[in-house]
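Undergrad: Below is one structure. I have some questions about it.
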Amino acid sequence: MNAPEVAIADVGRIFLVGLSGSGKSTLGVLLAERLGLPFIDTDAAIERTEGASVANIFATRGEAAFRALERDAVLASCRGTSSVVATGGGAVLSDEVRDAMLHTGRVIWLDAPVEVLAGRLAGMTDRPLLADDVYSRLVALAEQRASLYAAAHLRVDAAVHPEIVMSTILRALDRLPDLNPVWVQTPSQTYPVYVGSGVLACAGALLGAHGLDAPLRIIADERVAELHGAAVREALAGFETSWYLVPAGEEHKSVAQAVELYGRLLADRPERRDVIVALGGGVIGDLAGFIAATLLRGMRFIQIPTTLLSQVDSSVGGKVGVDHPSGKNLIGAFHHPNLVLADVAVLRTLPPREVAAGWAEVVKIAVIQDRVLFDDLEAHVDEMRVLEPDITTRAIRRDVELKARIVDQDEHDLLGLRAILNYGHTLGHAIEAATGYAAYRHGEGVAIGMAGAAHIAEAMELHPAADAQRQRAVLERLGLPQHVEGATREMLRAAMGLDKKREGGRQLWVLPTGIGSVCTSKDVPEQIVDEAIALITRSSHP
């Protein structure tokens, strides 16, 4: 079959990345000729400019000097006209280069088994990093760079004939949406988060582009399956899919439900290369992610969040788990998704209360990290309430970028950096637990918890009263509660005792220090905590 016609204007720059021997230069020439674009080989460009071979530069000036030249060569191509660029195998080592390539063109990872690469490179002497034992060096480089290559927009099997590789790339370019994902990069996993209206219709193309074209095990909320199941089936036409429906509600995010799903999945004889897909809100995302983390000792995992709260919070960061009668998410794991598809169009099926609960998390992250985002939210509350597509997409993307920045630095919540994401959650989780997880949605609990935490920060002279009032006004305009009904001071105190953030019996509080900044403290006076609880329960302080 002939490769489809792809317009140059639709392609822009194409960056080929991968280990030595993956065929970047050979394929780059073919691809550039096929598309009518200029071809740039950054290694060749460096050799022309410096009047010396790459091997000579390594030998006489060292690797650091070469990497600087390589960085400049790639960045120059990012500023130039549309072209096909074959990069050096180590170009991805530079954060600046990776970011520039991802934001100015399509990055394609040519991937092939080390055995294939070593065979292609046998006898070559011009690869300075592959001296002596080529195979062992390739194995080491693959381990070092795999997560960096994985940030590419497209991963292609480069072990086959170049004409087949080119055809695969052209078909993918023809199908891929013009979307620029947010990339979450952690030591254990790098994955894209696509945000926008119509993302769901591109699901098949995106799964194929990211190497997830395997049997799909779709765990879906029953109500979500009724609303969006047909659209998902259409988007995934051609994929092998099996569906596992779960009743709606937080009460089904349980060990019992997980065990029941294990039985249904195992009866269908899944394999580790299969992909678990979570279709639903935060409950399904957490539950399906927990299944993916534990079934067959870990399976690949895709999040398709269908609530605003799950799109901005639970689908990103890798925290998965189930509830216990003693508290939420007390049984779980860290297991990142391989792909997140957040379609803002599906949010229009949500009731207003669910929409408001989702916006609480966006306001939260703006208060703790980004004054500019808070100003934007404050100015567009009316558009947010009706989910105006551009405003909604912009806010969700920024929220994910900010959360990803923290997750990147503290993947497993060990350094304390990730703790700031729990602003409003100390009291919020207590409210949910004290009311049996039935009276308040998670975002509503967080909104009330933010009111209590803001009062603590203001009482400790950390948070200006004017900023506390701005927070309150935005949350109220979004329709979010600032007081709890049906829970006493004693009930909240008891529930707080099970908070996972307690250390040595002391409560860790996340407290704002003005819009856009935050601190943590384990030294909050109990009298001020009692004042905050009295405030949100509308009771008198003893």
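Letters A, B, ... mark the chains of the structure tokens in the order given; residue numbers begin at 1 per chain; ligand numbers begin at 1, in order shown.
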Using backbone DSSP assignments, extract all helix (DSSP H, G or I) residues from segment 204-265 of chain A; output them as a VMD selection string.

TA: chain A and resid 204 to 209 222 to 235 250 to 252 255 to 265

Undergrad: Write out, as CSV, each residue of segment 139-234 of chain A that has an atom at most 10 Å from segment 345-352 of chain A, together with the closest pair of atoms and their distance in Å to one decimal, counting only C-alpha atoms, rows going by chain and rising number.

TA:
```
residue,atom,partner,partner_atom,distance
A:Gly196,CA,A:Ala345,CA,7.7
A:Ser197,CA,A:Ala345,CA,5.0
A:Gly198,CA,A:Ala345,CA,6.5
A:Val199,CA,A:Ala345,CA,8.5
A:Leu200,CA,A:Val346,CA,8.6
A:Val224,CA,A:Thr349,CA,9.5
A:Leu227,CA,A:Thr349,CA,8.0
A:His228,CA,A:Val346,CA,7.8
```

Undergrad: Using N, CA, C and O atoms, can you write the selected residues to a file as a PDB file, in the first residue's frame?

TA:
```pdb
ATOM      1  N   GLY A 196      -7.617  18.660  25.443  1.00  0.00           N
ATOM      2  CA  GLY A 196      -8.269  19.455  24.409  1.00  0.00           C
ATOM      3  C   GLY A 196      -9.626  18.880  24.053  1.00  0.00           C
ATOM      4  O   GLY A 196      -9.997  17.773  24.467  1.00  0.00           O
ATOM      5  N   SER A 197     -10.361  19.627  23.265  1.00  0.00           N
ATOM      6  CA  SER A 197     -11.671  19.168  22.803  1.00  0.00           C
ATOM      7  C   SER A 197     -11.486  18.259  21.585  1.00  0.00           C
ATOM      8  O   SER A 197     -10.820  18.625  20.623  1.00  0.00           O
ATOM      9  N   GLY A 198     -12.047  17.045  21.639  1.00  0.00           N
ATOM     10  CA  GLY A 198     -11.922  16.108  20.535  1.00  0.00           C
ATOM     11  C   GLY A 198     -10.792  15.114  20.675  1.00  0.00           C
ATOM     12  O   GLY A 198     -10.541  14.319  19.769  1.00  0.00           O
ATOM     13  N   VAL A 199     -10.090  15.122  21.802  1.00  0.00           N
ATOM     14  CA  VAL A 199      -8.977  14.199  22.016  1.00  0.00           C
ATOM     15  C   VAL A 199      -9.444  12.747  21.927  1.00  0.00           C
ATOM     16  O   VAL A 199      -8.743  11.884  21.383  1.00  0.00           O
ATOM     17  N   LEU A 200     -10.639  12.461  22.457  1.00  0.00           N
ATOM     18  CA  LEU A 200     -11.113  11.083  22.502  1.00  0.00           C
ATOM     19  C   LEU A 200     -11.230  10.477  21.111  1.00  0.00           C
ATOM     20  O   LEU A 200     -10.916   9.291  20.910  1.00  0.00           O
ATOM     21  N   VAL A 224     -20.563   5.993  32.739  1.00  0.00           N
ATOM     22  CA  VAL A 224     -19.684   6.567  31.711  1.00  0.00           C
ATOM     23  C   VAL A 224     -19.738   5.724  30.446  1.00  0.00           C
ATOM     24  O   VAL A 224     -19.733   6.261  29.328  1.00  0.00           O
ATOM     25  N   LEU A 227     -22.678   6.726  28.477  1.00  0.00           N
ATOM     26  CA  LEU A 227     -22.569   8.043  27.852  1.00  0.00           C
ATOM     27  C   LEU A 227     -21.531   8.083  26.735  1.00  0.00           C
ATOM     28  O   LEU A 227     -21.752   8.699  25.687  1.00  0.00           O
ATOM     29  N   HIS A 228     -20.378   7.448  26.948  1.00  0.00           N
ATOM     30  CA  HIS A 228     -19.243   7.622  26.036  1.00  0.00           C
ATOM     31  C   HIS A 228     -18.703   6.317  25.458  1.00  0.00           C
ATOM     32  O   HIS A 228     -17.737   6.352  24.694  1.00  0.00           O
TER      33      HIS A 228
END
```

Undergrad: For segment 516-521 of chain A, work out the shell of residues within 12 Å, counting only C-alpha atoms and skipping chain neighbours fewer than 4 positions away, then give it as a ChimeraX atom specification.

TA: /A:363-375,402,416-424,426,453-454,456-457,460,462-464,467-468,471,501-503,506-512,525

Undergrad: Measuring atom to atom with only C-alpha atoms, identify which of A:Lys328, A:Arg273, A:Ala293, A:Asp530 is nearest to Lys253 of chain A.

TA: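 Going through A:Lys328, A:Arg273, A:Ala293, A:Asp530 one by one, the smallest distance to Lys253 of chain A is for A:Lys328.
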
Undergrad: Can you pull out every residue within 6 Å of Leu154 of chain A, counting only C-alpha atoms, but drop anything in the same chain fewer than 3 positions away, and send it as a PyMOL selection string?

TA: chain A and resi 108+209-210

Undergrad: In Å, rounded to a single decimal, give me how far atom CA of Thr49 of chain A is from atom CA of Val17 of chain A.

TA: 21.5 Å

Undergrad: Write out as a list in words the set of residues from segment 240-296 of chain A that DSSP, computed on the backbone, places in strand (DSSP E).

TA: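 Checking each residue of segment 240-296 of chain A, the strand (DSSP E) ones are Thr241, Ser242, Trp243, Tyr244, Leu245, Val246, Val275, Ile276, Val277, Ala278, Leu279 and Gly280 of chain A.
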
Undergrad: Report as a VMD selection string all protein, DNA and RNA residues lying within 9 Å of segment 233-239 of chain A, evaluated on only C-alpha atoms, omitting residues in the same chain fewer than 4 positions from it.

TA: chain A and resid 200 to 205 207 213 to 216 228 to 229

Undergrad: Using only C-alpha atoms, can you tell me which of A:Ile528, A:Val312, A:Arg264, A:Thr104 comes closest to His153 of chain A?

TA: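 Counting only C-alpha atoms, the residue closest to His153 of chain A is A:Thr104.
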
Undergrad: Go through A:Asn56, A:Thr168, A:Thr306, A:Ser20 and flag the residue nearest Arg223 of chain A, using only C-alpha atoms for the distances.

TA: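 Of the candidates, the smallest distance to Arg223 of chain A is held by A:Thr306.
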
Undergrad: When distances are computed from only C-alpha atoms, which of A:Ala142, A:Ile536, A:Val344, A:Met496 shows the smallest separation from Tyr194 of chain A?

TA: A:Val344

Undergrad: List the neighbours of Gly89 of chain A out to 10 Å using only C-alpha atoms; skip same-chain residues closer than 3 positions along the sequence, and give me the result as a PyMOL selection string.

TA: chain A and resi 16-22+24+43+86+92-93+141+145+149

Undergrad: From the set A:Gly443, A:Leu415, A:Ala220, A:Leu295, which residue has the shortest atom-to-atom contact distance to Leu266 of chain A, counting only C-alpha atoms?

TA: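 The closest residue to Leu266 of chain A is A:Leu295.
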
Undergrad: Which one is closest to Pro162 of chain A: A:Ala230, A:Ala118, A:Val29, A:Val134? Count only C-alpha atoms.

TA: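 Answer, going by the shortest atom-to-atom distance: A:Val29.
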
Undergrad: Skip Arg394 of chain A itself and residues of its chain fewer than 5 positions away, then list as a short mmCIF file (atom, residue, chain, number, x, y, z; two decimals) with N, CA, C and O atoms, in the first residue's frame all residues within 9 Å of it, counting only C-alpha atoms.

TA:
```cif
data_model
loop_
_atom_site.label_atom_id
_atom_site.label_comp_id
_atom_site.auth_asym_id
_atom_site.auth_seq_id
_atom_site.Cartn_x
_atom_site.Cartn_y
_atom_site.Cartn_z
N VAL A 195 -4.57 17.19 26.24
CA VAL A 195 -5.71 17.94 26.75
C VAL A 195 -6.31 18.75 25.61
O VAL A 195 -5.59 19.45 24.90
N GLY A 196 -7.62 18.66 25.44
CA GLY A 196 -8.27 19.45 24.41
C GLY A 196 -9.63 18.88 24.05
O GLY A 196 -10.00 17.77 24.47
N PRO A 389 -14.71 25.95 26.08
CA PRO A 389 -13.62 25.04 25.71
C PRO A 389 -12.22 25.63 25.82
O PRO A 389 -11.32 24.97 26.35
N ASP A 399 -2.79 23.43 34.94
CA ASP A 399 -2.85 22.65 36.16
C ASP A 399 -1.97 21.41 36.05
O ASP A 399 -1.19 21.09 36.96
#
```

Undergrad: Grab the atom CA of Thr307 of chain A to atom CA of Glu226 of chain A distance for me, in Å with one decimal place.

TA: 14.7 Å

Undergrad: What does the distance between atom CA of Gly119 of chain A and atom CA of Leu27 of chain A come to in Å, to one decimal place?

TA: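 Distance between the two atoms: 17.7 Å.
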